[in-house]
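Engineer: Before anything else, here's the structure in question.
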Amino acid sequence: LEFRRVLFRSFTMSFPFDPNAGLVLVEAQVFSSSEDAMVLLALDTGANVSVISQQVLTSIGYDLLSANDYRPVLTANGVVNVPLITLDKFSALGQHKSDFSVLCHSLPATAGIDGVIGLDFLRNHVLTLDFTTGKLTLV
């Protein structure tokens with residue numbers, strides 16, 4: 001049993017974050033069948049579904065006009081229906097997901113982020129945010 005604990009710990013990866021910043025930021029990679037893009041996402045445990053900006057998704061080849069599924073999203077301007085797009089692959093925090101669905105919504109340029117990583121990505125994992133050391137771990 002002790003061997004398993006040691007082995008498990010050796011594969012645990014931690015990622016730095018700024019504990020004094022307004023947002024916990026996460027670098028991620030979004031893949032289409034032909035291209036990929038690095039994105040900067042805010043960790044948002046209040047978001048049920050992850051969101052990636054329209055600009056990023058169209059730049060790597062996703063056709064937002066062919067979306068079959070739309071979801072209502074509450075914004076500062078009221079409720080809008082946004083496309084739900086299935087990504088070929090999505091990677092963040094040492095985790096990789098194929099056929100991962102995200103909402104596609106434009107974000108204000110002043111936000112400084114490309115979207116949010118929500119509960120749909122975090123479920124079935126153990127998330128640890130250590131604000132004393134500025135380390136984030138997702139196992």
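Following the order of the structure tokens, first chain is A, next is B, and so on, with residues numbered from 1 inside each chain and ligands from 1 in the order they appear.
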Within 10 Å of Asn48 of chain A, counting only C-alpha atoms, which residues qualify if same-chain residues fewer than 4 places away don't, as a VMD selection string?
Structural biologist: chain A and resid 44 117 to 123
Engineer: Pick out each residue of segment 37-110 of chain A that DSSP on the backbone tags as strand (DSSP E or B); I need them as a PyMOL selection string.
Structural biologist: chain A and resi 37-43+51-52+70-75+78-92+95-104
Engineer: Near Val51 of chain A, within 6 Å and counting only C-alpha atoms, which residues show up once chain neighbours fewer than 2 positions away are dropped, as a list in words?
Structural biologist: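 Selected residues are Val102, Leu103, Cys104, Gly115 and Val116 of chain A.
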Engineer: State, in Å with one decimal place, the distance from atom CA of Ser98 of chain A to atom CA of Ser50 of chain A.
Structural biologist: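 It comes out at 14.2 Å.
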Engineer: Give me the residues near Phe15 of chain A as a list of chain:residue names, where near means some atom within 9 Å (using only C-alpha atoms) and where sequence neighbours in that chain fewer than 3 positions away do not count.
Structural biologist: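 Here the qualifying residues turn out to be A:Val26, A:Leu93, A:Gly134, A:Lys135, A:Leu136, A:Thr137, A:Leu138.
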Engineer: For segment 30-35 of chain A, list every protein, DNA or RNA residue within 8 Å, evaluated using only C-alpha atoms, and leave out those in the same chain fewer than 6 positions away; present the list as a compact mmCIF listing (two decimals) with N, CA, C and O atoms, in the first residue's frame.
Structural biologist:
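What follows is the written file selection.txt:
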# COMPACT_ATOMS: atom_id res chain seq x y z
N ILE A 60 -8.63 28.09 -35.73
CA ILE A 60 -8.04 26.76 -35.94
C ILE A 60 -8.98 25.83 -36.73
O ILE A 60 -8.76 24.63 -36.78
N GLY A 61 -10.02 26.40 -37.32
CA GLY A 61 -10.81 25.65 -38.29
C GLY A 61 -12.17 25.16 -37.88
O GLY A 61 -12.82 24.45 -38.64
N TYR A 62 -12.65 25.52 -36.70
CA TYR A 62 -14.00 25.08 -36.33
C TYR A 62 -15.03 25.96 -37.02
O TYR A 62 -14.90 27.18 -37.06
N LEU A 87 -14.76 19.71 -29.36
CA LEU A 87 -13.36 19.80 -29.76
C LEU A 87 -12.80 18.42 -30.03
O LEU A 87 -13.17 17.45 -29.36
N ASP A 88 -11.90 18.32 -30.98
CA ASP A 88 -11.23 17.05 -31.23
C ASP A 88 -10.44 16.61 -30.00
O ASP A 88 -10.47 15.45 -29.61
N LYS A 89 -9.74 17.57 -29.39
CA LYS A 89 -8.96 17.27 -28.20
C LYS A 89 -8.75 18.56 -27.42
O LYS A 89 -8.65 19.64 -28.00
N PHE A 90 -8.67 18.43 -26.11
CA PHE A 90 -8.44 19.57 -25.22
C PHE A 90 -7.49 19.12 -24.12
O PHE A 90 -7.69 18.05 -23.53
N SER A 91 -6.45 19.89 -23.85
CA SER A 91 -5.46 19.53 -22.83
C SER A 91 -5.23 20.70 -21.89
O SER A 91 -5.05 21.83 -22.33
Engineer: In Å, rounded to a single decimal, give me how far atom CA of Pro83 of chain A is from atom CA of Leu40 of chain A.
Structural biologist: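 Atom-to-atom, atom CA of Leu40 of chain A to atom CA of Pro83 of chain A, that is 20.1 Å.
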Engineer: If I take atom CA of Thr133 of chain A and atom CA of Thr45 of chain A, how far is one from the other in Å, to one decimal?
Structural biologist: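 Result for atom CA of Thr133 of chain A versus atom CA of Thr45 of chain A: 20.0 Å, one decimal.
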Engineer: List every residue of chain A that DSSP, applied to the backbone, labels as alpha helix (DSSP H), and write the result as a list in words.
Structural biologist: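 Taking chain A and keeping alpha helix (DSSP H) only, one gets Glu2, Phe3, Arg4, Arg5, Val6, Leu7, Phe8, Arg9, Ser10, Gln54, Gln55, Val56, Leu57, Thr58, Ser59, Leu119, Asp120, Phe121 and Leu122 of chain A.
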Engineer: Just the selected residues (N, CA and C atoms), exported as a short mmCIF file (atom, residue, chain, number, x, y, z; two decimals), in the first residue's frame, please.
Structural biologist:
data_model
loop_
_atom_site.label_atom_id
_atom_site.label_comp_id
_atom_site.auth_asym_id
_atom_site.auth_seq_id
_atom_site.Cartn_x
_atom_site.Cartn_y
_atom_site.Cartn_z
N GLU A 2 1.91 1.26 0.79
CA GLU A 2 2.80 2.42 0.84
C GLU A 2 3.44 2.67 -0.53
N PHE A 3 3.80 1.58 -1.23
CA PHE A 3 4.39 1.72 -2.56
C PHE A 3 3.42 2.44 -3.50
N ARG A 4 2.13 2.11 -3.43
CA ARG A 4 1.14 2.76 -4.28
C ARG A 4 1.05 4.24 -4.01
N ARG A 5 1.10 4.63 -2.77
CA ARG A 5 1.05 6.06 -2.43
C ARG A 5 2.24 6.80 -3.02
N VAL A 6 3.42 6.23 -2.88
CA VAL A 6 4.62 6.86 -3.40
C VAL A 6 4.55 6.93 -4.92
N LEU A 7 4.12 5.84 -5.55
CA LEU A 7 3.99 5.82 -7.00
C LEU A 7 2.98 6.86 -7.46
N PHE A 8 1.85 6.96 -6.78
CA PHE A 8 0.82 7.94 -7.13
C PHE A 8 1.38 9.35 -7.02
N ARG A 9 2.06 9.65 -5.95
CA ARG A 9 2.61 10.99 -5.76
C ARG A 9 3.62 11.34 -6.84
N SER A 10 4.37 10.37 -7.33
CA SER A 10 5.39 10.67 -8.32
C SER A 10 4.79 11.13 -9.65
N GLN A 54 -14.78 32.59 -29.59
CA GLN A 54 -15.10 32.34 -30.99
C GLN A 54 -13.89 32.55 -31.87
N GLN A 55 -13.12 33.59 -31.58
CA GLN A 55 -11.95 33.92 -32.40
C GLN A 55 -10.94 32.77 -32.41
N VAL A 56 -10.67 32.19 -31.26
CA VAL A 56 -9.73 31.07 -31.19
C VAL A 56 -10.24 29.88 -31.98
N LEU A 57 -11.50 29.51 -31.76
CA LEU A 57 -12.03 28.31 -32.42
C LEU A 57 -12.10 28.46 -33.93
N THR A 58 -12.52 29.62 -34.42
CA THR A 58 -12.56 29.81 -35.88
C THR A 58 -11.15 29.87 -36.47
N SER A 59 -10.18 30.38 -35.71
CA SER A 59 -8.81 30.49 -36.22
C SER A 59 -8.16 29.13 -36.44
N LEU A 119 -16.51 23.35 -14.51
CA LEU A 119 -16.71 22.11 -13.78
C LEU A 119 -16.73 20.88 -14.68
N ASP A 120 -17.15 21.04 -15.94
CA ASP A 120 -17.19 19.89 -16.83
C ASP A 120 -15.81 19.28 -17.02
N PHE A 121 -14.77 20.10 -16.98
CA PHE A 121 -13.40 19.60 -17.10
C PHE A 121 -12.87 19.08 -15.76
N LEU A 122 -13.31 19.68 -14.67
CA LEU A 122 -12.78 19.35 -13.35
C LEU A 122 -13.43 18.12 -12.71
#
Engineer: Have a look at A:Ala21, A:Ala42, A:Ala47, A:Leu127 and name the one nearest to Asp114 of chain A; count only C-alpha atoms.
Structural biologist: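 The answer is A:Ala42, which sits nearest to Asp114 of chain A.
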Engineer: Identify, on the basis of only C-alpha atoms, every residue whose closest approach to Gln29 of chain A does not exceed 8 Å; exclude the query and any residue fewer than 3 positions from it along the same chain; express the result as a ChimeraX atom specification.
Structural biologist: /A:36-39,90-92
Engineer: Which residue out of A:Leu43, A:Met13, A:Leu84, A:Leu23 has the minimum interatomic distance to Asp69 of chain A when only C-alpha atoms are used?
Structural biologist: A:Leu84
Engineer: Given only C-alpha atoms as the basis, pick out the residue of A:Pro16, A:Gly46, A:Gly94, A:Pro72 nearest to Val139 of chain A.
Structural biologist: A:Gly94
